[in-house]
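Pasting final.cif here (mmCIF, C-alpha atoms):
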data_data
loop_
_atom_site.label_atom_id
_atom_site.label_comp_id
_atom_site.auth_asym_id
_atom_site.auth_seq_id
_atom_site.Cartn_x
_atom_site.Cartn_y
_atom_site.Cartn_z
CA MET A 1 -75.47 13.08 -9.62
CA GLN A 2 -73.51 15.93 -11.08
CA GLY A 3 -71.99 16.62 -7.70
CA SER A 4 -70.77 13.05 -7.29
CA LEU A 5 -69.31 13.03 -10.81
CA LYS A 6 -67.41 16.16 -9.94
CA LEU A 7 -66.14 14.51 -6.78
CA LEU A 8 -65.12 11.46 -8.76
CA ALA A 9 -63.26 13.64 -11.24
CA ILE A 10 -61.45 15.37 -8.41
CA GLY A 11 -60.65 12.00 -6.88
CA VAL A 12 -59.26 10.70 -10.17
CA ALA A 13 -57.24 13.85 -10.63
CA PHE A 14 -55.78 13.46 -7.17
CA ALA A 15 -55.01 9.81 -7.79
CA ILE A 16 -53.16 10.64 -11.03
CA GLY A 17 -51.40 13.47 -9.29
CA ALA A 18 -50.29 11.16 -6.50
CA ILE A 19 -49.13 8.36 -8.76
CA SER A 20 -47.51 10.17 -11.66
CA PRO A 21 -44.52 11.74 -9.89
CA VAL A 22 -43.43 8.29 -8.75
CA ALA A 23 -44.02 6.43 -12.00
CA GLY A 24 -43.09 9.44 -14.07
CA VAL A 25 -39.58 10.25 -12.85
CA ALA A 26 -37.73 7.48 -14.65
CA GLN A 27 -39.81 8.04 -17.75
CA ASP A 28 -39.28 11.79 -17.61
CA LYS A 29 -35.55 11.33 -17.25
CA ALA A 30 -35.44 9.06 -20.29
CA LYS A 31 -37.41 11.67 -22.20
CA VAL A 32 -35.04 14.42 -21.09
CA PHE A 33 -32.06 12.37 -22.28
CA LYS A 34 -33.77 11.83 -25.61
CA ASP A 35 -34.71 15.50 -26.00
CA ARG A 36 -31.22 16.55 -24.99
CA GLU A 37 -29.59 14.30 -27.53
CA ALA A 38 -32.05 15.38 -30.22
CA LEU A 39 -31.30 19.05 -29.55
CA MET A 40 -27.54 18.45 -29.72
CA LYS A 41 -27.95 16.46 -32.94
CA GLN A 42 -30.04 19.27 -34.40
CA GLN A 43 -27.28 21.72 -33.52
CA GLY A 44 -24.78 19.40 -35.17
CA ALA A 45 -26.88 19.30 -38.32
CA ASP A 46 -27.17 23.11 -38.30
CA LEU A 47 -23.40 23.43 -38.10
CA GLY A 48 -23.07 20.77 -40.77
CA ALA A 49 -25.08 23.01 -43.10
CA VAL A 50 -22.70 25.89 -42.47
CA LYS A 51 -19.65 23.68 -43.01
CA GLY A 52 -21.35 22.23 -46.08
CA TYR A 53 -21.41 25.69 -47.60
CA LEU A 54 -17.72 26.18 -46.78
CA ASP A 55 -16.93 22.87 -48.47
CA ASP A 56 -19.19 23.56 -51.50
CA LYS A 57 -21.56 20.76 -50.53
CA ASN A 58 -24.66 22.92 -50.13
CA ASP A 59 -25.74 26.47 -50.92
CA GLN A 60 -25.61 29.59 -48.80
CA ALA A 61 -29.37 29.56 -48.15
CA LYS A 62 -29.07 26.23 -46.38
CA ALA A 63 -26.12 27.51 -44.33
CA GLN A 64 -28.16 30.55 -43.38
CA ALA A 65 -31.11 28.41 -42.33
CA GLY A 66 -28.76 26.29 -40.20
CA ALA A 67 -27.12 29.25 -38.50
CA THR A 68 -30.50 30.88 -37.84
CA ASP A 69 -31.90 27.68 -36.36
CA LEU A 70 -28.81 27.43 -34.17
CA VAL A 71 -29.70 30.75 -32.55
CA GLN A 72 -33.03 29.22 -31.50
CA THR A 73 -31.59 25.91 -30.30
CA MET A 74 -28.99 27.72 -28.16
CA LYS A 75 -31.91 29.31 -26.27
CA LYS A 76 -33.41 25.89 -25.60
CA ILE A 77 -30.30 24.42 -23.97
CA PRO A 78 -31.34 25.12 -20.34
CA ASP A 79 -34.73 23.45 -21.06
CA VAL A 80 -33.11 20.08 -21.77
CA PHE A 81 -31.02 20.18 -18.58
CA PRO A 82 -33.65 20.24 -15.82
CA GLN A 83 -32.54 19.65 -12.21
CA GLY A 84 -31.83 16.04 -11.34
CA THR A 85 -30.97 14.86 -14.84
CA ALA A 86 -27.25 14.29 -14.54
CA GLY A 87 -26.02 11.32 -16.56
CA GLY A 88 -27.31 10.17 -19.91
CA ASP A 89 -28.82 7.37 -21.90
CA PRO A 90 -26.79 4.30 -20.86
CA GLU A 91 -26.78 3.21 -24.50
CA GLY A 92 -25.27 6.53 -25.52
CA LYS A 93 -21.74 7.89 -25.52
CA TYR A 94 -21.98 10.87 -23.22
CA ALA A 95 -23.35 11.98 -19.90
CA ALA A 96 -24.16 15.35 -18.38
CA LYS A 97 -21.90 16.10 -15.43
CA PRO A 98 -23.39 17.05 -12.04
CA GLU A 99 -21.29 20.24 -12.30
CA ILE A 100 -23.99 21.65 -14.57
CA TRP A 101 -26.28 22.05 -11.58
CA SER A 102 -23.68 22.68 -8.90
CA ASN A 103 -22.38 25.48 -11.13
CA TRP A 104 -25.55 26.49 -12.95
CA ASN A 105 -24.35 30.07 -13.51
CA GLY A 106 -21.12 28.77 -15.00
CA PHE A 107 -23.15 26.51 -17.24
CA LEU A 108 -25.31 29.39 -18.40
CA ALA A 109 -22.19 31.48 -18.99
CA ALA A 110 -20.78 28.71 -21.19
CA ARG A 111 -24.08 28.60 -23.08
CA ASP A 112 -24.00 32.41 -23.45
CA ALA A 113 -20.45 32.21 -24.81
CA ALA A 114 -21.70 29.80 -27.47
CA ALA A 115 -24.82 31.89 -28.17
CA GLN A 116 -22.77 35.05 -28.69
CA ARG A 117 -20.54 33.27 -31.17
CA THR A 118 -23.61 31.88 -32.90
CA ASP A 119 -24.86 35.42 -33.48
CA ALA A 120 -21.48 36.25 -34.99
CA LEU A 121 -21.76 33.19 -37.19
CA VAL A 122 -25.20 34.29 -38.48
CA THR A 123 -23.72 37.68 -39.40
CA ALA A 124 -20.78 36.02 -41.16
CA VAL A 125 -22.98 33.56 -43.09
CA LYS A 126 -25.11 36.46 -44.37
CA THR A 127 -22.05 38.02 -46.01
CA GLY A 128 -21.36 34.80 -47.91
CA ASP A 129 -17.63 35.43 -47.42
CA LYS A 130 -16.11 32.03 -46.74
CA ALA A 131 -13.01 33.28 -44.94
CA GLN A 132 -15.21 35.22 -42.52
CA ILE A 133 -17.53 32.25 -42.03
CA GLN A 134 -14.62 29.89 -41.42
CA THR A 135 -13.27 32.21 -38.72
CA ALA A 136 -16.67 32.54 -37.03
CA PHE A 137 -17.25 28.79 -37.26
CA ALA A 138 -13.89 27.99 -35.69
CA GLU A 139 -14.49 30.57 -32.98
CA LEU A 140 -17.83 28.98 -32.10
CA GLY A 141 -16.31 25.52 -32.17
CA LYS A 142 -13.24 26.09 -30.07
CA ASN A 143 -14.70 28.58 -27.59
CA GLY A 144 -18.39 27.71 -27.68
CA CYS A 145 -19.28 24.08 -28.26
CA THR A 146 -16.06 22.58 -26.93
CA GLY A 147 -15.98 25.12 -24.09
CA CYS A 148 -19.18 23.63 -22.70
CA HIS A 149 -18.27 20.02 -23.49
CA GLU A 150 -14.91 20.50 -21.81
CA LYS A 151 -16.40 21.32 -18.43
CA PHE A 152 -19.85 19.83 -18.40
CA ARG A 153 -19.87 16.68 -20.50
CA GLU A 154 -18.24 13.37 -19.77
CA GLU A 155 -17.78 10.23 -21.74
CA LEU A 156 -19.62 7.16 -20.54
CA LYS A 157 -17.13 4.38 -19.88
CA LYS A 158 -17.86 1.27 -21.88
CA MET B 1 4.78 43.56 -22.02
CA VAL B 2 8.19 43.08 -23.65
CA SER B 3 11.09 43.22 -21.23
CA ARG B 4 14.45 44.82 -21.84
CA ALA B 5 16.09 41.44 -22.28
CA ALA B 6 13.83 40.80 -25.25
CA LEU B 7 15.18 43.82 -27.09
CA ALA B 8 18.56 42.17 -27.16
CA ALA B 9 17.12 38.80 -28.16
CA ASP B 10 16.71 37.60 -31.70
CA PRO B 11 13.14 38.59 -32.62
CA ASP B 12 12.83 35.66 -35.02
CA ALA B 13 13.76 33.21 -32.28
CA VAL B 14 11.21 34.82 -29.98
CA ALA B 15 8.52 34.54 -32.65
CA ARG B 16 9.35 30.90 -33.39
CA GLY B 17 9.36 30.16 -29.67
CA ALA B 18 5.99 31.88 -29.24
CA TYR B 19 4.57 29.62 -31.93
CA LEU B 20 5.91 26.49 -30.25
CA ALA B 21 4.62 27.62 -26.85
CA ALA B 22 1.19 28.19 -28.38
CA ALA B 23 1.29 24.81 -30.12
CA ALA B 24 2.23 23.03 -26.91
CA GLY B 25 -0.21 25.15 -24.93
CA CYS B 26 2.31 26.01 -22.21
CA ASP B 27 -0.01 28.83 -21.17
CA THR B 28 -2.94 26.44 -20.69
CA CYS B 29 -1.37 24.92 -17.60
CA HIS B 30 1.02 27.68 -16.59
CA THR B 31 -1.73 30.32 -16.32
CA ASP B 32 -4.27 30.53 -13.54
CA SER B 33 -6.95 31.79 -15.91
CA GLU B 34 -9.86 30.92 -13.61
CA ARG B 35 -8.57 33.47 -11.11
CA GLY B 36 -7.33 35.98 -13.65
CA GLY B 37 -3.63 35.08 -13.32
CA ARG B 38 -1.02 36.56 -15.66
CA PRO B 39 -0.09 34.36 -18.65
CA TYR B 40 2.76 31.90 -17.92
CA ALA B 41 2.94 33.03 -14.27
CA GLY B 42 1.65 29.67 -13.04
CA GLY B 43 -0.61 28.96 -10.10
CA ARG B 44 -3.28 26.92 -11.86
CA PRO B 45 -4.22 24.05 -9.53
CA LEU B 46 -3.55 20.79 -11.34
CA ALA B 47 -4.85 17.48 -10.08
CA THR B 48 -2.13 14.82 -9.91
CA GLY B 49 -1.90 11.38 -8.38
CA PHE B 50 -0.46 13.05 -5.32
CA GLY B 51 -2.98 15.73 -4.78
CA THR B 52 -3.57 19.09 -6.36
CA ILE B 53 -0.50 21.21 -6.95
CA PRO B 54 -0.20 24.69 -8.45
CA THR B 55 1.71 24.94 -11.74
CA PRO B 56 5.06 26.78 -11.58
CA ASN B 57 5.75 30.29 -12.78
CA ILE B 58 7.66 30.16 -16.08
CA THR B 59 8.07 33.89 -16.58
CA PRO B 60 11.70 35.10 -16.27
CA ASP B 61 11.32 36.36 -12.70
CA LYS B 62 14.68 35.74 -11.04
CA GLU B 63 13.37 34.67 -7.63
CA THR B 64 10.14 32.83 -8.35
CA GLY B 65 10.30 32.08 -12.07
CA ILE B 66 12.94 30.80 -14.47
CA GLY B 67 14.91 34.03 -14.72
CA ARG B 68 18.12 32.48 -13.42
CA TRP B 69 17.97 29.42 -15.65
CA SER B 70 20.70 28.81 -18.20
CA ASN B 71 19.90 27.25 -21.55
CA ALA B 72 21.28 23.98 -20.16
CA ASP B 73 18.97 24.19 -17.14
CA PHE B 74 16.04 24.76 -19.46
CA SER B 75 16.91 21.85 -21.75
CA ARG B 76 17.38 19.49 -18.82
CA ALA B 77 14.04 20.54 -17.31
CA LEU B 78 12.14 20.11 -20.55
CA ARG B 79 13.85 16.95 -21.74
CA TRP B 80 14.35 15.10 -18.47
CA GLY B 81 11.95 16.71 -16.04
CA ILE B 82 14.73 17.70 -13.68
CA ALA B 83 14.78 21.16 -12.13
CA PRO B 84 18.01 23.14 -11.63
CA ASP B 85 17.89 22.12 -7.93
CA ASP B 86 17.93 18.46 -9.10
CA SER B 87 14.37 17.74 -8.00
CA HIS B 88 12.14 15.82 -10.41
CA TYR B 89 8.90 17.16 -11.80
CA VAL B 90 5.65 15.28 -11.57
CA PRO B 91 4.77 13.72 -14.95
CA VAL B 92 1.74 15.92 -15.43
CA PHE B 93 4.44 18.11 -16.96
CA PRO B 94 4.83 16.20 -20.25
CA TYR B 95 8.63 16.24 -20.46
CA VAL B 96 8.65 12.69 -21.81
CA PHE B 97 7.41 14.26 -25.05
CA TYR B 98 9.43 17.45 -24.89
CA ASN B 99 12.41 15.13 -24.79
CA ARG B 100 12.00 14.95 -28.55
CA LEU B 101 12.21 18.70 -29.14
CA SER B 102 15.17 19.74 -31.23
CA ASP B 103 17.95 21.85 -29.71
CA ALA B 104 16.91 24.74 -31.93
CA ASP B 105 13.28 24.54 -30.83
CA LEU B 106 14.26 24.41 -27.16
CA ALA B 107 16.45 27.48 -27.62
CA ASP B 108 13.57 29.30 -29.36
CA LEU B 109 11.16 28.39 -26.57
CA LYS B 110 13.57 29.73 -23.98
CA ALA B 111 14.07 32.92 -26.01
CA PHE B 112 10.30 33.41 -26.06
CA LEU B 113 9.84 32.81 -22.32
CA ASP B 114 12.78 35.12 -21.59
CA SER B 115 11.05 37.84 -23.60
CA LEU B 116 8.04 37.85 -21.28
CA ALA B 117 7.68 40.39 -18.52
CA PRO B 118 8.78 38.76 -15.24
CA VAL B 119 5.96 38.14 -12.77
CA SER B 120 6.77 37.52 -9.11
CA ARG B 121 4.84 34.63 -7.58
CA ALA B 122 6.36 34.28 -4.13
CA ASP B 123 3.10 32.65 -3.07
CA LEU B 124 3.91 29.60 -5.20
CA LYS B 125 7.46 29.02 -4.01
CA GLY B 126 8.11 25.55 -2.72
CA ALA B 127 4.57 24.46 -3.44
CA GLN B 128 5.84 21.46 -5.39
CA SER B 129 8.04 19.85 -2.78
CA THR B 130 5.66 16.92 -2.18
CA ALA B 131 4.78 14.03 -4.47
CA LEU B 132 8.20 12.41 -4.23
CA ALA B 133 6.96 8.94 -5.09
CA GLU B 134 5.24 10.17 -8.20
CA ARG B 135 8.36 12.03 -9.23
CA ALA B 136 10.43 8.90 -8.84
CA GLN B 137 7.89 6.96 -10.85
CA ALA B 138 8.11 9.60 -13.56
CA ALA B 139 11.87 9.37 -13.66
CA ILE B 140 11.57 5.62 -14.17
CA ALA B 141 8.99 6.14 -16.91
CA VAL B 142 11.21 8.53 -18.82
CA ALA B 143 14.20 6.23 -18.44
CA ALA B 144 12.05 3.38 -19.78
CA THR B 145 10.70 5.36 -22.72
CA PRO B 146 12.11 3.89 -25.91
CA ALA B 147 14.43 6.00 -28.01
CA PRO B 148 14.22 9.28 -26.15
CA GLY B 149 16.20 12.16 -27.45
CA PRO B 150 15.84 14.76 -30.13
CA TRP B 151 13.66 13.84 -33.04
CA ARG B 152 15.22 12.40 -36.16
CA SER B 153 13.53 12.75 -39.52
CA ASP B 154 12.72 9.67 -41.55
CA PRO B 155 14.54 10.10 -44.87
CA GLN B 156 12.11 7.65 -46.52
CA GLN B 157 9.26 10.11 -45.95
CA ASP B 158 8.60 13.59 -47.32
CA ALA B 159 8.88 16.88 -45.44
CA VAL B 160 5.14 17.13 -44.68
CA TRP B 161 5.02 13.67 -43.10
CA ASN B 162 8.14 14.39 -41.08
CA ARG B 163 6.76 17.70 -39.86
CA GLY B 164 3.55 15.96 -38.78
CA ALA B 165 5.45 13.17 -37.04
CA TYR B 166 7.57 15.71 -35.16
CA LEU B 167 4.57 17.78 -34.04
CA VAL B 168 2.66 14.69 -32.89
CA ALA B 169 5.65 13.38 -30.97
CA SER B 170 6.77 16.62 -29.34
CA VAL B 171 4.56 19.67 -28.78
CA GLY B 172 1.40 17.80 -29.80
CA ARG B 173 2.23 14.88 -27.44
CA CYS B 174 -0.80 12.93 -28.73
CA ASP B 175 0.52 9.73 -27.17
CA ASP B 176 0.41 11.30 -23.71
CA CYS B 177 -3.29 10.43 -23.64
CA HIS B 178 -3.97 8.27 -26.69
CA THR B 179 -1.33 5.56 -26.15
CA PRO B 180 -1.76 3.04 -23.34
CA ARG B 181 1.03 2.90 -20.78
CA ASN B 182 3.12 -0.15 -20.02
CA TRP B 183 3.76 -1.31 -16.47
CA LEU B 184 6.65 1.14 -16.11
CA GLY B 185 4.36 4.01 -16.92
CA ALA B 186 5.94 4.69 -20.31
CA PRO B 187 3.78 4.88 -23.46
CA ASP B 188 3.53 1.39 -24.99
CA SER B 189 5.10 1.87 -28.42
CA ASP B 190 3.52 -1.34 -29.72
CA ARG B 191 0.09 0.18 -29.17
CA PHE B 192 0.97 3.67 -30.43
CA LEU B 193 -2.16 5.90 -30.40
CA ALA B 194 -4.44 2.88 -30.01
CA GLY B 195 -6.48 4.55 -27.26
CA ASN B 196 -6.07 4.60 -23.51
CA LYS B 197 -8.85 3.56 -21.18
CA ALA B 198 -6.97 4.86 -18.18
CA GLY B 199 -6.39 8.34 -19.32
CA PRO B 200 -6.71 11.20 -19.15
CA LYS B 201 -8.39 10.73 -15.80
CA PRO B 202 -11.26 10.51 -15.15
CA THR B 203 -12.13 9.77 -18.75
CA GLN B 204 -10.59 7.73 -21.55
CA ALA B 205 -8.84 8.63 -24.78
CA PRO B 206 -10.07 7.07 -28.04
CA ASN B 207 -8.10 5.08 -30.58
CA ILE B 208 -6.79 7.53 -33.19
CA THR B 209 -4.99 5.04 -35.43
CA PRO B 210 -6.51 4.52 -38.89
CA ASP B 211 -8.33 1.33 -37.87
CA ALA B 212 -11.69 1.55 -39.66
CA GLU B 213 -13.84 0.06 -36.91
CA THR B 214 -12.29 1.10 -33.62
CA GLY B 215 -10.05 3.96 -34.73
CA ILE B 216 -10.47 6.90 -37.07
CA GLY B 217 -9.91 5.00 -40.31
CA LYS B 218 -13.09 6.44 -41.76
CA TRP B 219 -11.92 9.98 -41.19
CA SER B 220 -10.51 11.82 -44.18
CA GLU B 221 -7.50 14.09 -43.97
CA ASP B 222 -9.95 17.03 -43.94
CA ASP B 223 -11.84 15.46 -41.05
CA ILE B 224 -8.68 15.36 -38.94
CA VAL B 225 -7.80 18.91 -39.94
CA GLY B 226 -11.36 19.87 -38.92
CA VAL B 227 -11.16 18.53 -35.39
CA LEU B 228 -7.77 20.19 -34.90
CA THR B 229 -9.11 23.50 -36.22
CA ASP B 230 -12.27 23.92 -34.17
CA GLY B 231 -13.06 20.64 -32.41
CA HIS B 232 -15.73 19.27 -34.75
CA THR B 233 -15.90 15.60 -35.63
CA PRO B 234 -17.17 14.31 -39.01
CA ASP B 235 -20.69 13.91 -37.58
CA PHE B 236 -20.62 17.43 -36.13
CA ASP B 237 -20.20 16.49 -32.58
CA PHE B 238 -17.72 18.68 -30.75
CA VAL B 239 -14.98 17.23 -28.58
CA GLY B 240 -14.97 17.86 -24.86
CA GLY B 241 -12.91 16.99 -21.83
CA ALA B 242 -9.15 17.20 -22.11
CA MET B 243 -9.30 17.27 -25.92
CA ALA B 244 -11.15 20.59 -25.80
CA GLU B 245 -8.03 22.09 -24.20
CA ILE B 246 -5.83 20.49 -26.85
CA VAL B 247 -7.98 21.99 -29.61
CA LYS B 248 -7.20 25.44 -28.18
CA ASN B 249 -3.56 24.64 -28.93
CA THR B 250 -4.00 23.00 -32.32
CA SER B 251 -6.29 25.83 -33.45
CA ARG B 252 -3.28 28.12 -33.09
CA LEU B 253 -1.17 26.09 -35.50
CA THR B 254 -0.79 27.12 -39.11
CA ALA B 255 -3.12 25.34 -41.55
CA GLU B 256 -0.03 23.63 -43.02
CA ASP B 257 0.96 22.19 -39.65
CA ARG B 258 -2.55 20.86 -38.99
CA ARG B 259 -2.47 19.27 -42.43
CA ALA B 260 0.92 17.72 -41.66
CA ILE B 261 -0.45 16.17 -38.46
CA ALA B 262 -3.40 14.73 -40.41
CA VAL B 263 -1.10 13.29 -43.08
CA TYR B 264 1.05 11.66 -40.44
CA LEU B 265 -1.83 10.31 -38.32
CA ARG B 266 -3.33 8.64 -41.38
CA SER B 267 -0.02 6.87 -41.95
CA VAL B 268 0.50 5.25 -38.53
CA PRO B 269 -0.15 1.50 -38.28
CA PRO B 270 -3.87 0.79 -37.73
CA GLN B 271 -4.49 -0.89 -34.38
CA PRO B 272 -7.85 -2.42 -33.56
CA SER B 273 -8.98 -1.83 -29.99
CA PRO B 274 -9.57 -5.05 -28.04
CA GLU B 275 -13.24 -4.19 -27.60
CA LYS B 276 -15.37 -1.85 -29.62
CA ARG B 277 -15.75 1.57 -28.16
#
Translate the structure described by the file into C-alpha cells.
Amino acid sequence: MQGSLKLLAIGVAFAIGAISPVAGVAQDKAKVFKDREALMKQQGADLGAVKGYLDDKNDQAKAQAGATDLVQTMKKIPDVFPQGTAGGDPEGKYAAKPEIWSNWNGFLAARDAAAQRTDALVTAVKTGDKAQIQTAFAELGKNGCTGCHEKFREELKK
Amino acid sequence: MVSRAALAADPDAVARGAYLAAAAGCDTCHTDSERGGRPYAGGRPLATGFGTIPTPNITPDKETGIGRWSNADFSRALRWGIAPDDSHYVPVFPYVFYNRLSDADLADLKAFLDSLAPVSRADLKGAQSTALAERAQAAIAVAATPAPGPWRSDPQQDAVWNRGAYLVASVGRCDDCHTPRNWLGAPDSDRFLAGNKAGPKPTQAPNITPDAETGIGKWSEDDIVGVLTDGHTPDFDFVGGAMAEIVKNTSRLTAEDRRAIAVYLRSVPPQPSPEKR
C-alpha cells in the first residue's frame, strides 16, 4: 500500500513536471513582466523620496530609507531579466530589448554603473547637504538610470 | 590639449563656443566613444537611411578634419549642410536647426573647435561619399523649411522666453524628433513639437506641447527642468532611447538655460495628438 502510494506520488510529480514547463512559460513571462515593472516602480519611488527631500516635501530620514532601498533593488535587477523575457506587458509602455541578453555583460556593466552611483547617492544623502545630494542624484539619473534605458529599453508602439 | 592656435584665439569666444558645443552635444556624435576615440575626432558609426556611416572628424586637422575651413566654410556647413567641396551632408547632421544659430554663436563654435588639438583620421577620409539620394532629399528639406536663417528675438516676449526659444530652435533642436515631418521632409510647423511617430527611428517621440491629455500640460516648469537636468519624469521614470543622449547635453546647460527652455516649452501652442499615446 505504502509502496503504491509512493509510486503514485512520483507519478504525479512527474506529470506536474512534464506539464508545467509548457503551461507555465506564458504565465511565468507575465509574472516576470509584472515583477520587473514593480521593481522599476519601487526604484522610482525610492528616488522620489530623495527628490522629495531636495524639494522640501519629505524629511531626510525618508530620503535615506529610499536611497538605502535603492542599493538593494539595484542588486535585484538581473533577477527580473531572466533569459527569454524580451518584450513587456502589451498593456504597458515599455519593452526590454533583446540586446540585454545578446550583450549580457554590457547590461550588467550598465547596472553596475547605476549601482556605483547609488552608493554615492547614499553617502550624499547621509550628509544632508542638498547641493551634494542634487549632484549625486543627477549623476545617477543621467549616467545610471538613463544609461541603461538608452541602450536596453524600448518604447512599445501604440 | 590646447593647440598653439588657441593661444592666439579669444579665450572668451573659445569658452562660449565650448558651452554651445556641449549644449548641442557635438561630441556625442563626433566621438567614437565605444571604441575609445578622441573627442570630436569622429568615427562613430551612425545609422542613416542609406546605411551606416562614420561621423566626420571636426578637430582642426588640416588633412582629415576642418583645419583648412574658413569661417564662411564653417557657417555654410552648419547652416546649409554643404561641405567646402560642395557636397551635401546627410540630414542626420541637424543643420536644419543650426541654420538658426546666430553669426556670433557660429563664430564662437568655430573658435572652440579650432582650439582643440588636431587629430588625424585618415581612415575616415571619403567615407561619406555615398548616400547621394538622401543628401538631395536633405537639401530639399532645408530649402522647404519655413523661415530659415538666424534667429530673431520676439520683442513681445521677455529675455528668458527668448533665450528658451533660441535654445529649443537651435542647439536643442527639439523639433528634430518631436515635430512630425511634412511630405518634403521638413518639420511641420503647424504641428510644432506635437510628437512624431516616425522618429527617431526605431522609436517615436512624444508630444511635448502643453496639451494636458496627450502632451506635457500637467508638467510644471520644475518638472521640465528636472527631465533636462537628470532625465527623470514627474513619476520618477527615467527617459531612455535617443532622449537619454539629449539629457547628457541638457545636463551640461546652466540652470538658467534649462529654466528658460521650460518657460518657453510651456508657452508653445498646445496640440492634442490624434490618438492618445
Produce a table with one row for each residue of chain B that has an atom at most 8 Å from any atom of chain A, each row naming the nearest atom pair and its distance in Å at one decimal; use all atoms listed in the file; arrange rows by chain and rising residue number; format as CSV.
residue,atom,partner,partner_atom,distance
B:Thr203,CA,A:Glu155,CA,6.4
B:Gln204,CA,A:Lys157,CA,7.5
B:Thr229,CA,A:Ala138,CA,6.6
B:Asp230,CA,A:Ala138,CA,4.6
B:Gly231,CA,A:Gly141,CA,5.9
B:His232,CA,A:Gly141,CA,6.8
B:Asp235,CA,A:Gly44,CA,7.3
B:Phe236,CA,A:Gly44,CA,4.7
B:Asp237,CA,A:Gly44,CA,6.0
B:Phe238,CA,A:Thr146,CA,5.7
B:Val239,CA,A:Thr146,CA,5.7
B:Gly240,CA,A:Glu150,CA,4.0
B:Gly241,CA,A:Glu150,CA,4.0
B:Ala242,CA,A:Glu150,CA,6.6
B:Met243,CA,A:Glu150,CA,7.7
B:Ala244,CA,A:Thr146,CA,5.4
B:Glu245,CA,A:Glu150,CA,7.5
B:Val247,CA,A:Lys142,CA,6.7
B:Lys248,CA,A:Lys142,CA,6.4
B:Ser251,CA,A:Lys142,CA,7.7
B:Arg277,CA,A:Lys158,CA,6.6
Output of the above residues as a PDB file, in the frame of the given file, restricted to C-alpha atoms:
ATOM      1  CA  THR B 203     -12.130   9.770 -18.750  1.00  0.00           C
ATOM      2  CA  GLN B 204     -10.590   7.730 -21.550  1.00  0.00           C
ATOM      3  CA  THR B 229      -9.110  23.500 -36.220  1.00  0.00           C
ATOM      4  CA  ASP B 230     -12.270  23.920 -34.170  1.00  0.00           C
ATOM      5  CA  GLY B 231     -13.060  20.640 -32.410  1.00  0.00           C
ATOM      6  CA  HIS B 232     -15.730  19.270 -34.750  1.00  0.00           C
ATOM      7  CA  ASP B 235     -20.690  13.910 -37.580  1.00  0.00           C
ATOM      8  CA  PHE B 236     -20.620  17.430 -36.130  1.00  0.00           C
ATOM      9  CA  ASP B 237     -20.200  16.490 -32.580  1.00  0.00           C
ATOM     10  CA  PHE B 238     -17.720  18.680 -30.750  1.00  0.00           C
ATOM     11  CA  VAL B 239     -14.980  17.230 -28.580  1.00  0.00           C
ATOM     12  CA  GLY B 240     -14.970  17.860 -24.860  1.00  0.00           C
ATOM     13  CA  GLY B 241     -12.910  16.990 -21.830  1.00  0.00           C
ATOM     14  CA  ALA B 242      -9.150  17.200 -22.110  1.00  0.00           C
ATOM     15  CA  MET B 243      -9.300  17.270 -25.920  1.00  0.00           C
ATOM     16  CA  ALA B 244     -11.150  20.590 -25.800  1.00  0.00           C
ATOM     17  CA  GLU B 245      -8.030  22.090 -24.200  1.00  0.00           C
ATOM     18  CA  VAL B 247      -7.980  21.990 -29.610  1.00  0.00           C
ATOM     19  CA  LYS B 248      -7.200  25.440 -28.180  1.00  0.00           C
ATOM     20  CA  SER B 251      -6.290  25.830 -33.450  1.00  0.00           C
ATOM     21  CA  ARG B 277     -15.750   1.570 -28.160  1.00  0.00           C
TER      22      ARG B 277
END
List as a list in words the protein and nucleic acid residues near segment 47-64 of chain B, meaning an atom at most 6 Å away when all atoms listed in the file are counted, but skip any in the same chain fewer than 3 places from it.
His30, Tyr40, Ala41, Gly42, Gly43, Arg44, Gly67, Arg68, Asp114, Pro118, Val119, Ser120, Arg121, Ala122 and Ala131 of chain B
Here's the selection I'm unsure about, the PyMOL selection byres ((chain A and resi 36) around 12); applied to the file above, which residues does it give, as a short mmCIF file (atom, residue, chain, number, x, y, z; two decimals) with C-alpha atoms, in the coordinates of the input?
data_model
loop_
_atom_site.label_atom_id
_atom_site.label_comp_id
_atom_site.auth_asym_id
_atom_site.auth_seq_id
_atom_site.Cartn_x
_atom_site.Cartn_y
_atom_site.Cartn_z
CA ASP A 28 -39.28 11.79 -17.61
CA LYS A 29 -35.55 11.33 -17.25
CA ALA A 30 -35.44 9.06 -20.29
CA LYS A 31 -37.41 11.67 -22.20
CA VAL A 32 -35.04 14.42 -21.09
CA PHE A 33 -32.06 12.37 -22.28
CA LYS A 34 -33.77 11.83 -25.61
CA ASP A 35 -34.71 15.50 -26.00
CA GLU A 37 -29.59 14.30 -27.53
CA ALA A 38 -32.05 15.38 -30.22
CA LEU A 39 -31.30 19.05 -29.55
CA MET A 40 -27.54 18.45 -29.72
CA LYS A 41 -27.95 16.46 -32.94
CA GLN A 42 -30.04 19.27 -34.40
CA GLN A 43 -27.28 21.72 -33.52
CA THR A 73 -31.59 25.91 -30.30
CA MET A 74 -28.99 27.72 -28.16
CA LYS A 76 -33.41 25.89 -25.60
CA ILE A 77 -30.30 24.42 -23.97
CA PRO A 78 -31.34 25.12 -20.34
CA ASP A 79 -34.73 23.45 -21.06
CA VAL A 80 -33.11 20.08 -21.77
CA PHE A 81 -31.02 20.18 -18.58
CA PRO A 82 -33.65 20.24 -15.82
CA THR A 85 -30.97 14.86 -14.84
CA ALA A 86 -27.25 14.29 -14.54
CA GLY A 87 -26.02 11.32 -16.56
CA GLY A 88 -27.31 10.17 -19.91
CA ASP A 89 -28.82 7.37 -21.90
CA GLY A 92 -25.27 6.53 -25.52
CA TYR A 94 -21.98 10.87 -23.22
CA ALA A 95 -23.35 11.98 -19.90
CA ALA A 96 -24.16 15.35 -18.38
#
On this structure, which residues satisfy the PyMOL selection byres ((chain A and resi 115) around 8), written as a tab-separated table (two decimals) with C-alpha atoms, keeping the file's coordinate frame?
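Okay, this is what ended up in selection_29.tsv:
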chain	number	residue	atom	x	y	z
A	71	VAL	CA	-29.70	30.75	-32.55
A	74	MET	CA	-28.99	27.72	-28.16
A	75	LYS	CA	-31.91	29.31	-26.27
A	111	ARG	CA	-24.08	28.60	-23.08
A	112	ASP	CA	-24.00	32.41	-23.45
A	113	ALA	CA	-20.45	32.21	-24.81
A	114	ALA	CA	-21.70	29.80	-27.47
A	116	GLN	CA	-22.77	35.05	-28.69
A	117	ARG	CA	-20.54	33.27	-31.17
A	118	THR	CA	-23.61	31.88	-32.90
A	119	ASP	CA	-24.86	35.42	-33.48
A	144	GLY	CA	-18.39	27.71	-27.68
